[in-house]
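Enquirer: Handing over data_10.cif, mmCIF, C-alpha atoms.
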```cif
data_model
loop_
_atom_site.label_atom_id
_atom_site.label_comp_id
_atom_site.auth_asym_id
_atom_site.auth_seq_id
_atom_site.Cartn_x
_atom_site.Cartn_y
_atom_site.Cartn_z
CA MET F 1 137.06 79.88 90.44
CA PHE F 2 140.76 80.65 90.14
CA GLU F 3 140.16 84.35 89.54
CA ALA F 4 138.33 84.43 92.86
CA VAL F 5 141.24 82.64 94.53
CA GLU F 6 143.72 85.20 93.20
CA GLU F 7 141.64 87.93 94.82
CA LEU F 8 141.65 86.01 98.11
CA LEU F 9 145.44 85.69 97.93
CA VAL F 10 145.71 89.47 97.66
CA GLU F 11 143.37 89.85 100.65
CA HIS F 12 145.39 87.28 102.63
CA ALA F 13 148.64 89.14 101.97
CA ASP F 14 147.03 92.44 102.95
CA LEU F 15 145.75 90.94 106.20
CA GLU F 16 149.18 89.54 106.98
CA THR F 17 150.68 93.01 106.58
CA ARG F 18 148.00 94.66 108.71
CA LEU F 19 148.26 92.10 111.51
CA ALA F 20 152.02 92.69 111.66
CA ASP F 21 151.33 96.36 112.47
CA PRO F 22 151.29 96.81 116.30
CA SER F 23 148.86 99.72 116.04
CA VAL F 24 146.16 97.39 114.68
CA HIS F 25 146.14 95.48 117.97
CA ALA F 26 145.17 98.59 119.91
CA ASP F 27 141.60 97.77 118.89
CA GLN F 28 141.25 94.19 120.10
CA ASN F 29 137.83 93.62 118.56
CA ASN F 30 139.05 94.68 115.12
CA ALA F 31 142.24 92.65 115.54
CA ARG F 32 140.20 89.54 116.34
CA LYS F 33 138.06 90.03 113.22
CA LEU F 34 141.15 90.43 111.05
CA ALA F 35 142.82 87.37 112.64
CA LYS F 36 139.67 85.30 112.12
CA ARG F 37 139.49 86.24 108.43
CA TYR F 38 143.22 85.56 108.04
CA ALA F 39 142.74 82.09 109.54
CA GLU F 40 139.86 81.42 107.13
CA LEU F 41 141.95 82.36 104.09
CA THR F 42 145.16 80.57 105.13
CA PRO F 43 144.05 77.04 104.09
CA ILE F 44 142.83 78.38 100.73
CA THR F 45 146.15 80.13 100.17
CA ARG F 46 148.14 77.04 101.11
CA VAL F 47 146.18 74.65 98.87
CA TYR F 48 146.20 77.05 95.92
CA ARG F 49 149.99 77.39 96.11
CA GLN F 50 150.26 73.59 96.17
CA TRP F 51 147.91 73.42 93.15
CA ARG F 52 150.03 75.93 91.26
CA GLN F 53 153.21 74.00 92.14
CA ALA F 54 151.61 70.78 90.89
CA GLY F 55 150.94 72.50 87.55
CA GLU F 56 154.58 73.54 87.25
CA ASP F 57 155.65 69.97 88.10
CA ILE F 58 153.43 68.64 85.31
CA GLU F 59 154.95 70.97 82.73
CA ALA F 60 158.49 70.14 83.83
CA ALA F 61 157.84 66.38 83.76
CA ARG F 62 156.29 66.58 80.27
CA GLU F 63 159.27 68.50 78.92
CA LEU F 64 161.67 65.92 80.35
CA ALA F 65 159.48 63.06 79.05
CA ALA F 66 160.13 64.24 75.48
CA GLU F 67 163.65 62.90 75.88
CA GLU F 68 163.22 60.44 78.77
CA PRO F 69 159.85 58.59 78.65
CA GLU F 70 160.11 57.46 82.27
CA PHE F 71 159.11 61.00 83.29
CA LEU F 72 155.62 60.33 81.89
CA ALA F 73 154.77 58.45 85.09
CA GLU F 74 155.86 61.44 87.16
CA ALA F 75 153.69 63.73 85.02
CA LYS F 76 150.66 61.45 85.60
CA ASP F 77 151.29 61.45 89.36
CA SER F 78 151.41 65.25 89.36
CA GLU F 79 148.19 65.40 87.32
CA ALA F 80 146.44 63.15 89.83
CA ARG F 81 147.75 65.31 92.66
CA ARG F 82 146.51 68.48 90.96
CA ASP F 83 143.05 66.93 90.49
CA GLU F 84 142.92 66.17 94.22
CA LEU F 85 143.99 69.71 95.05
CA THR F 86 141.39 71.14 92.65
CA GLU F 87 138.63 69.30 94.50
CA GLU F 88 140.05 70.32 97.88
CA LEU F 89 140.14 73.92 96.72
CA ARG F 90 136.53 73.76 95.53
CA MET F 91 135.45 72.50 98.95
CA LEU F 92 137.39 75.27 100.71
CA LEU F 93 135.59 77.84 98.59
CA VAL F 94 132.14 76.59 99.58
CA PRO F 95 130.33 79.44 101.41
CA ARG F 96 130.61 78.99 105.15
CA ASP F 97 127.90 79.30 107.75
CA PRO F 98 128.60 82.65 109.48
CA SER F 99 127.69 81.06 112.82
CA ASP F 100 130.24 78.24 112.51
CA ASP F 101 132.57 79.68 115.15
CA LYS F 102 129.81 80.24 117.72
CA ASP F 103 129.37 78.32 120.94
CA VAL F 104 126.09 76.43 121.36
CA ILE F 105 123.34 75.54 123.77
CA LEU F 106 122.46 71.89 123.42
CA GLU F 107 119.14 70.64 124.77
CA ILE F 108 118.05 67.02 125.12
CA LYS F 109 114.45 66.06 125.84
CA ALA F 110 113.05 62.63 126.58
CA GLY F 111 110.31 61.55 124.19
CA GLU F 112 107.83 58.72 124.19
CA GLY F 113 109.05 55.74 126.14
CA GLY F 114 108.81 56.92 129.73
CA GLU F 115 111.79 56.14 131.95
CA GLU F 116 113.62 54.34 129.14
CA SER F 117 113.52 57.48 127.02
CA ALA F 118 114.79 59.55 129.97
CA LEU F 119 117.64 57.08 130.49
CA PHE F 120 118.53 57.33 126.81
CA ALA F 121 118.51 61.14 127.11
CA GLY F 122 121.08 60.70 129.88
CA ASP F 123 123.18 58.47 127.61
CA LEU F 124 123.09 61.13 124.88
CA LEU F 125 124.15 63.78 127.38
CA ARG F 126 127.13 61.68 128.46
CA MET F 127 128.03 61.07 124.78
CA TYR F 128 128.15 64.80 124.04
CA LEU F 129 130.05 65.59 127.24
CA ARG F 130 132.64 62.95 126.40
CA PHE F 131 132.87 64.23 122.81
CA ALA F 132 133.46 67.76 124.08
CA GLU F 133 136.09 66.47 126.52
CA ARG F 134 137.95 64.66 123.73
CA ILE F 135 138.12 67.82 121.61
CA GLY F 136 138.96 70.12 124.50
CA TRP F 137 135.72 72.09 124.61
CA LYS F 138 134.27 73.42 127.85
CA THR F 139 130.79 72.41 129.00
CA GLU F 140 128.42 74.04 131.48
CA LEU F 141 125.21 72.47 132.75
CA ILE F 142 122.51 75.12 132.50
CA ASP F 143 119.36 73.27 133.53
CA ALA F 144 118.35 69.69 134.25
CA ASN F 145 115.13 67.91 135.11
CA GLU F 146 116.07 64.42 136.27
CA SER F 147 113.87 61.35 136.14
CA ASP F 148 113.30 58.92 139.01
CA LEU F 149 115.79 56.35 137.66
CA GLY F 150 118.63 58.79 137.04
CA GLY F 151 117.91 59.78 133.46
CA TYR F 152 116.76 63.20 132.25
CA LYS F 153 113.31 64.40 131.26
CA ASP F 154 115.13 67.38 129.79
CA VAL F 155 118.58 68.87 130.16
CA SER F 156 120.39 71.91 128.72
CA VAL F 157 124.13 72.34 128.48
CA ALA F 158 126.34 75.08 127.04
CA VAL F 159 129.31 73.93 124.95
CA LYS F 160 132.17 76.37 124.37
CA THR F 161 135.53 76.41 122.63
CA LYS F 162 138.76 77.25 124.42
CA GLY F 163 140.34 80.05 122.43
CA ASN F 164 139.96 80.39 118.65
CA ALA F 165 138.90 77.28 116.76
CA GLU F 166 140.26 76.38 113.33
CA PRO F 167 137.89 77.20 110.44
CA GLY F 168 135.19 74.54 110.30
CA GLN F 169 136.12 73.18 113.74
CA GLY F 170 133.99 75.47 115.94
CA VAL F 171 131.31 74.08 118.24
CA TRP F 172 128.37 75.09 116.01
CA ALA F 173 130.25 73.94 112.88
CA ARG F 174 130.38 70.40 114.30
CA LEU F 175 127.32 70.08 116.54
CA LYS F 176 124.70 71.81 114.36
CA TYR F 177 123.97 68.48 112.65
CA GLU F 178 122.89 66.85 115.92
CA GLY F 179 119.46 68.51 116.04
CA GLY F 180 116.58 66.10 115.52
CA VAL F 181 115.05 62.90 116.85
CA HIS F 182 117.49 60.21 118.02
CA ARG F 183 116.04 56.70 118.19
CA VAL F 184 117.33 53.88 120.38
CA GLN F 185 116.68 50.14 120.10
CA ARG F 186 117.66 48.08 123.14
CA VAL F 187 116.42 46.04 126.08
CA PRO F 188 115.44 48.65 128.69
CA ALA F 189 116.59 48.39 132.30
CA THR F 190 112.90 48.30 133.20
CA GLU F 191 112.18 45.31 130.90
CA SER F 192 111.85 42.01 132.75
CA GLN F 193 111.16 39.81 129.70
CA GLY F 194 114.30 40.74 127.76
CA ARG F 195 112.37 42.27 124.87
CA ILE F 196 113.91 44.95 122.66
CA HIS F 197 112.08 48.27 122.86
CA THR F 198 112.29 51.35 120.66
CA SER F 199 112.19 54.81 122.18
CA ALA F 200 113.48 58.25 121.28
CA ALA F 201 114.85 61.52 122.58
CA GLY F 202 114.94 64.91 120.89
CA VAL F 203 118.06 67.05 120.55
CA LEU F 204 117.97 70.78 119.85
CA VAL F 205 121.19 72.67 119.11
CA THR F 206 121.24 76.46 118.81
CA PRO F 207 124.17 78.87 118.47
CA GLU F 208 124.51 80.82 121.69
CA ALA F 209 123.51 84.43 121.09
CA GLU F 210 125.20 87.48 122.52
CA GLU F 211 122.92 90.08 124.06
CA VAL F 212 123.66 92.50 121.21
CA GLU F 213 122.52 89.99 118.57
CA VAL F 214 118.93 89.69 119.72
CA GLU F 215 116.78 92.59 120.86
CA ILE F 216 114.35 91.53 123.58
CA LEU F 217 111.94 94.10 124.95
CA ALA F 218 110.92 93.78 128.59
CA ASN F 219 107.25 94.30 127.65
CA ASP F 220 107.45 91.28 125.33
CA LEU F 221 108.24 88.92 128.20
CA ARG F 222 106.02 87.11 130.66
CA ILE F 223 108.04 85.78 133.58
CA ASP F 224 106.53 83.11 135.81
CA VAL F 225 108.11 81.69 138.95
CA TYR F 226 107.22 78.32 140.36
CA ARG F 227 108.44 75.67 142.74
CA SER F 228 111.30 73.51 141.50
CA SER F 229 110.59 69.84 140.92
CA GLY F 230 112.82 66.84 140.73
CA PRO F 231 114.48 64.25 142.95
CA GLY F 232 116.40 65.30 146.07
CA GLY F 233 118.10 68.53 147.04
CA GLN F 234 117.50 70.79 150.02
CA SER F 235 116.14 73.66 147.93
CA VAL F 236 113.94 71.52 145.70
CA ASN F 237 110.19 71.84 146.32
CA THR F 238 110.75 74.39 149.09
CA THR F 239 111.07 77.77 147.31
CA ASP F 240 109.64 79.41 144.23
CA SER F 241 113.05 79.68 142.55
CA ALA F 242 112.30 78.11 139.15
CA VAL F 243 111.70 80.57 136.32
CA ARG F 244 109.76 80.27 133.08
CA ILE F 245 110.08 83.07 130.49
CA THR F 246 107.64 83.37 127.58
CA HIS F 247 108.43 85.62 124.62
CA LEU F 248 104.93 86.81 123.81
CA PRO F 249 105.41 87.84 120.15
CA THR F 250 106.75 84.42 119.15
CA GLY F 251 105.42 82.14 121.88
CA ILE F 252 108.93 80.78 122.47
CA VAL F 253 109.39 79.56 126.05
CA ALA F 254 112.55 78.98 128.09
CA SER F 255 112.75 77.78 131.67
CA CYS F 256 115.35 76.96 134.26
CA GLN F 257 115.17 75.45 137.73
CA ASN F 258 118.70 74.15 138.17
CA GLU F 259 120.11 77.03 140.22
CA LYS F 260 119.21 77.75 143.84
CA SER F 261 118.32 81.39 143.32
CA GLN F 262 115.54 82.86 141.24
CA LEU F 263 117.92 85.45 139.77
CA GLN F 264 120.39 82.83 138.57
CA ASN F 265 117.61 80.78 137.02
CA LYS F 266 116.30 83.88 135.25
CA GLU F 267 119.75 84.62 133.79
CA GLN F 268 120.13 81.06 132.54
CA ALA F 269 116.62 81.03 131.07
CA MET F 270 117.40 84.27 129.24
CA ARG F 271 120.50 82.66 127.71
CA ILE F 272 118.36 79.85 126.34
CA LEU F 273 115.68 82.26 125.15
CA ARG F 274 118.19 84.46 123.30
CA SER F 275 119.64 81.44 121.50
CA ARG F 276 116.21 80.14 120.52
CA LEU F 277 115.15 83.55 119.22
CA LEU F 278 118.38 83.87 117.22
CA ALA F 279 117.85 80.41 115.72
CA ALA F 280 114.23 81.25 114.87
CA ALA F 281 115.30 84.52 113.20
CA GLN F 282 117.97 82.75 111.17
CA GLU F 283 115.57 80.05 110.01
CA GLU F 284 113.00 82.67 109.02
CA ALA F 285 115.65 84.56 107.06
CA GLU F 286 116.62 81.35 105.28
CA ARG F 287 113.01 80.64 104.33
CA GLU F 288 112.44 84.15 103.02
CA ALA F 289 115.68 84.22 101.02
CA SER F 290 115.23 80.65 99.69
CA ASP F 291 119.01 80.38 99.84
CA ALA F 292 119.97 77.52 97.51
CA ARG F 293 123.30 77.08 99.31
CA ARG F 294 121.85 76.34 102.73
CA SER F 295 122.57 72.94 104.22
CA GLN F 296 120.26 70.16 103.09
CA VAL F 297 121.35 68.25 106.16
CA ARG F 298 120.57 70.91 108.71
CA THR F 299 117.22 72.03 107.35
CA VAL F 300 115.46 68.68 107.65
CA ASP F 301 112.30 68.72 109.74
CA ARG F 302 113.36 68.49 113.39
CA SER F 303 110.60 65.97 113.99
CA GLU F 304 112.27 63.63 111.52
CA ARG F 305 114.29 60.73 112.87
CA ILE F 306 117.94 61.46 112.09
CA ARG F 307 119.81 58.61 113.76
CA THR F 308 119.32 55.15 115.24
CA TYR F 309 121.36 53.59 118.06
CA ASN F 310 120.94 49.82 117.88
CA TYR F 311 122.40 48.19 120.99
CA PRO F 312 121.93 44.47 120.09
CA GLU F 313 123.92 44.97 116.86
CA ASN F 314 126.28 47.62 118.33
CA ARG F 315 125.26 49.68 115.28
CA ILE F 316 125.01 53.43 114.72
CA SER F 317 123.09 54.65 111.63
CA ASP F 318 122.61 58.19 110.36
CA HIS F 319 119.53 58.27 108.14
CA ARG F 320 120.38 61.56 106.42
CA THR F 321 123.78 60.54 105.09
CA GLY F 322 123.58 56.75 104.97
CA PHE F 323 126.48 56.46 107.41
CA LYS F 324 126.57 53.14 109.26
CA ALA F 325 129.15 51.67 111.64
CA TYR F 326 129.30 48.88 114.19
CA ASN F 327 131.08 50.72 116.97
CA LEU F 328 128.11 52.07 118.92
CA ASP F 329 129.89 51.54 122.23
CA GLN F 330 132.73 53.82 121.10
CA VAL F 331 130.32 56.44 119.72
CA LEU F 332 128.45 56.57 123.02
CA ASP F 333 131.81 57.09 124.70
CA GLY F 334 132.28 60.27 122.67
CA ASP F 335 133.85 58.99 119.44
CA LEU F 336 131.48 61.00 117.24
CA ASN F 337 133.86 62.40 114.65
CA ALA F 338 133.13 59.93 111.84
CA VAL F 339 129.35 60.30 112.24
CA ILE F 340 129.52 64.10 112.25
CA GLN F 341 131.99 64.18 109.35
CA SER F 342 129.49 62.30 107.18
CA CYS F 343 127.05 65.19 107.77
CA VAL F 344 129.73 67.82 107.14
CA ASP F 345 130.68 66.15 103.83
CA LYS F 346 127.09 65.86 102.62
CA ASP F 347 126.38 69.46 103.59
CA ALA F 348 129.48 70.69 101.74
CA ALA F 349 128.63 68.61 98.65
CA ALA F 350 125.12 70.07 98.57
CA LYS F 351 126.44 73.62 98.89
CA LEU F 352 129.04 73.01 96.20
CA ALA F 353 126.42 71.64 93.81
CA ALA F 354 124.18 74.63 94.47
CA ALA F 355 127.08 77.05 93.93
CA GLN F 356 127.94 75.40 90.60
CA GLU F 357 124.32 75.67 89.46
CA ASN F 358 124.41 79.41 90.16
#
```
Using structure tokens, write down the structure from this file.

Expert:
Amino acid sequence: MFEAVEELLVEHADLETRLADPSVHADQNNARKLAKRYAELTPITRVYRQWRQAGEDIEAARELAAEEPEFLAEAKDSEARRDELTEELRMLLVPRDPSDDKDVILEIKAGEGGEESALFAGDLLRMYLRFAERIGWKTELIDANESDLGGYKDVSVAVKTKGNAEPGQGVWARLKYEGGVHRVQRVPATESQGRIHTSAAGVLVTPEAEEVEVEILANDLRIDVYRSSGPGGQSVNTTDSAVRITHLPTGIVASCQNEKSQLQNKEQAMRILRSRLLAAAQEEAEREASDARRSQVRTVDRSERIRTYNYPENRISDHRTGFKAYNLDQVLDGDLNAVIQSCVDKDAAAKLAAAQEN
């Protein structure tokens, strides 16, 4: 492991020298790639230097302890510190998802449960919007199909970083664990007897694809236009502005009816389609490669229930990691960090175990 770190230190120093050269910044794309790699290596460099310093402190304390035994305690403290840094270094060396710094398209769909499920989908949307607001991410509503009571039958939103995110702190790096079935247990607004009901909503998170990342041939698309549906709005149910795009080779469908013009809806639907095709291609590549390092958290069946929101007990439970807390009200207000971190930690532990086996 430490031989690999020494090589990374050399690379880090080389990048630092290159980035200090003004001529490098003439090519902005190349400069961004170099800066991104430099940012990835900086934490590894910092922790390794601390690890090396801890080793020197241990040796110095042991030498002094030969004459003054009280330095034995200092040596033990330095040993404990070095053990912590060793583990931190191992985690930093875990292979990263190359899409971690990408923005995402997050889709929420009501499931079984009628209006209650649509209302819960609306609650999930607000939770993610508040989470993004807390972090400082930008959000953009792409498409929404509202229910009669103010919830959402389905809704799509783009989530983007502002500037360059720290390694492991990009939108996809944090939100990729949210894909799956979210279950809610509560007394619905439509329940007159006060009984607790269980319903669910599905969340799909895909890294947003650039046009150059996914090749889409015009002949592979079937584009249908139809009349928008939903409550209210002057342009709703009056013009054929909604667009549905089907990618014929894969059968993947994307639609949008949120914008007033057909052209705008087509552009938004294409954004969703590109992201879904990229996600499908990545999943297929993972299956074919049988990559032992891939996340055990992320690759669970999307039909599997991943989380339960229990209102009577104010409890949030993640079924993949065993995380449980009794602050559901705060989580729904966007305080998602602890829940997501439990997924990040389990994912990293699984990758580390796989890397050690290889």

Enquirer: What residues come out when you apply the PyMOL selection byres ((chain F and resi 266) around 9) to this file, written as a VMD selection string?

Expert: chain F and resid 223 242 to 245 255 to 257 261 to 265 267 to 271

Enquirer: Using Å and a single decimal, report how far CA of Asp101 in chain F sits from CA of Gly170 in chain F.

Expert: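 It comes out at 4.5 Å.
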
Enquirer: Counting all atoms listed in the file, note down every residue that has an atom within 12 Å of the point (104.1, 85.7, 122.5) (file coordinates), as an MDAnalysis selection string.

Expert: chainID F and resid 216:217 219:223 245:253 277

Enquirer: Keeping only C-alpha atoms, write the selected residues to a file as a PDB file, in the coordinates of the input.

Expert:
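Result file out.pdb:
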```pdb
ATOM      1  CA  ILE F 216     114.350  91.530 123.580  1.00  0.00           C
ATOM      2  CA  LEU F 217     111.940  94.100 124.950  1.00  0.00           C
ATOM      3  CA  ASN F 219     107.250  94.300 127.650  1.00  0.00           C
ATOM      4  CA  ASP F 220     107.450  91.280 125.330  1.00  0.00           C
ATOM      5  CA  LEU F 221     108.240  88.920 128.200  1.00  0.00           C
ATOM      6  CA  ARG F 222     106.020  87.110 130.660  1.00  0.00           C
ATOM      7  CA  ILE F 223     108.040  85.780 133.580  1.00  0.00           C
ATOM      8  CA  ILE F 245     110.080  83.070 130.490  1.00  0.00           C
ATOM      9  CA  THR F 246     107.640  83.370 127.580  1.00  0.00           C
ATOM     10  CA  HIS F 247     108.430  85.620 124.620  1.00  0.00           C
ATOM     11  CA  LEU F 248     104.930  86.810 123.810  1.00  0.00           C
ATOM     12  CA  PRO F 249     105.410  87.840 120.150  1.00  0.00           C
ATOM     13  CA  THR F 250     106.750  84.420 119.150  1.00  0.00           C
ATOM     14  CA  GLY F 251     105.420  82.140 121.880  1.00  0.00           C
ATOM     15  CA  ILE F 252     108.930  80.780 122.470  1.00  0.00           C
ATOM     16  CA  VAL F 253     109.390  79.560 126.050  1.00  0.00           C
ATOM     17  CA  LEU F 277     115.150  83.550 119.220  1.00  0.00           C
TER      18      LEU F 277
END
```

Enquirer: List the residues matched by the PyMOL selection byres ((chain F and resi 38) around 12) in the displayed structure as an MDAnalysis selection string, ordered by chain and then by residue number.

Expert: chainID F and resid 8:20 31:37 39:45 166:167

Enquirer: Between CA of Arg307 in chain F and CA of Ser156 in chain F, what is the distance, to one decimal in Å?

Expert: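 Here the two named atoms are 20.0 Å from each other.
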
Enquirer: Check the smallest atom-to-atom distance from each of F:Asp77, F:Glu208, F:Glu88, F:Glu146 to Asp345 in chain F using all atoms listed in the file, then report the winner.

Expert: F:Glu88

Enquirer: Please determine, counting all atoms listed in the file, which residue among F:Lys260, F:Lys109, F:Lys138, F:Arg49 has the shortest atom-to-atom distance to Leu125 in chain F.

Expert: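 Among the listed residues, the smallest separation from Leu125 in chain F belongs to F:Lys109.
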
Enquirer: Quick one: what's the axis-aligned box for range 267-281 of chain F, all listed atoms, 8 Å on every side, centre and edges in Å to one decimal, as AutoDock Vina command-line options?

Expert:
```
--center_x 117.4 --center_y 82.2 --center_z 123.5 --size_x 22.3 --size_y 20.8 --size_z 36.6
```

Enquirer: I need the residue nearest Trp172 in chain F from this list: F:Glu210, F:Glu313, F:Asp97, F:Glu116. Use all atoms listed in the file for the distance.

Expert: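 Answer, going by the shortest atom-to-atom distance: F:Asp97.
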
Enquirer: Which residue gives the smallest distance to Ala110 in chain F among F:Ala144, F:Ala354, F:Leu336, F:Leu93, with all atoms listed in the file counted?

Expert: F:Ala144

Enquirer: Evaluate the PyMOL selection byres ((chain F and resi 171) around 9) here and jot the selected residues down as a list in words.

Expert: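 So the PyMOL selection byres ((chain F and resi 171) around 9), applied here, picks out Asp100, Asp101, Lys102, Asp103, Val104, Ala132, Trp137, Val159, Lys160, Thr161, Ala165, Gly168, Gln169, Gly170, Trp172, Ala173, Arg174, Leu175, Lys176 and Pro207 of chain F.
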
Enquirer: Quick one: pull the distance between CA of Ala73 in chain F and CA of Ala61 in chain F, Å, one decimal.

Expert: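 For CA of Ala73 in chain F relative to CA of Ala61 in chain F, the distance reads 8.6 Å.
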
Enquirer: Which residues are near Ala80 in chain F? Cut-off 12 Å, only C-alpha atoms, ignore same chain within fewer than 3 positions. Put them as a PyMOL selection string.

Expert: chain F and resi 51+54-55+57-58+73-77+83-87

Enquirer: Please list as a PyMOL selection string every residue within 9 Å of Gly111 in chain F, counting only C-alpha atoms and excluding residues in the same chain fewer than 4 positions away.

Expert: chain F and resi 117-118+121+153+181+199-202

Enquirer: Please, could you write that set of residues out with C-alpha atoms as a PDB file, in the frame of the given file?

Expert:
```pdb
ATOM      1  CA  SER F 117     113.520  57.480 127.020  1.00  0.00           C
ATOM      2  CA  ALA F 118     114.790  59.550 129.970  1.00  0.00           C
ATOM      3  CA  ALA F 121     118.510  61.140 127.110  1.00  0.00           C
ATOM      4  CA  LYS F 153     113.310  64.400 131.260  1.00  0.00           C
ATOM      5  CA  VAL F 181     115.050  62.900 116.850  1.00  0.00           C
ATOM      6  CA  SER F 199     112.190  54.810 122.180  1.00  0.00           C
ATOM      7  CA  ALA F 200     113.480  58.250 121.280  1.00  0.00           C
ATOM      8  CA  ALA F 201     114.850  61.520 122.580  1.00  0.00           C
ATOM      9  CA  GLY F 202     114.940  64.910 120.890  1.00  0.00           C
TER      10      GLY F 202
END
```

Enquirer: List the spatial neighbours of Val187 in chain F as number ranges by chain - criterion: any atom at most 9 Å away, all atoms listed in the file, same-chain residues fewer than 3 positions off excluded.

Expert: F: 190-191, 193-198, 311-312

Enquirer: For each of F:Val24, F:Val225, F:Val214, F:Val344, take the minimum atom-to-atom distance to Val94 in chain F, counting only C-alpha atoms, then give the residue where this is smallest.

Expert: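 Nearest to Val94 in chain F: F:Val344.
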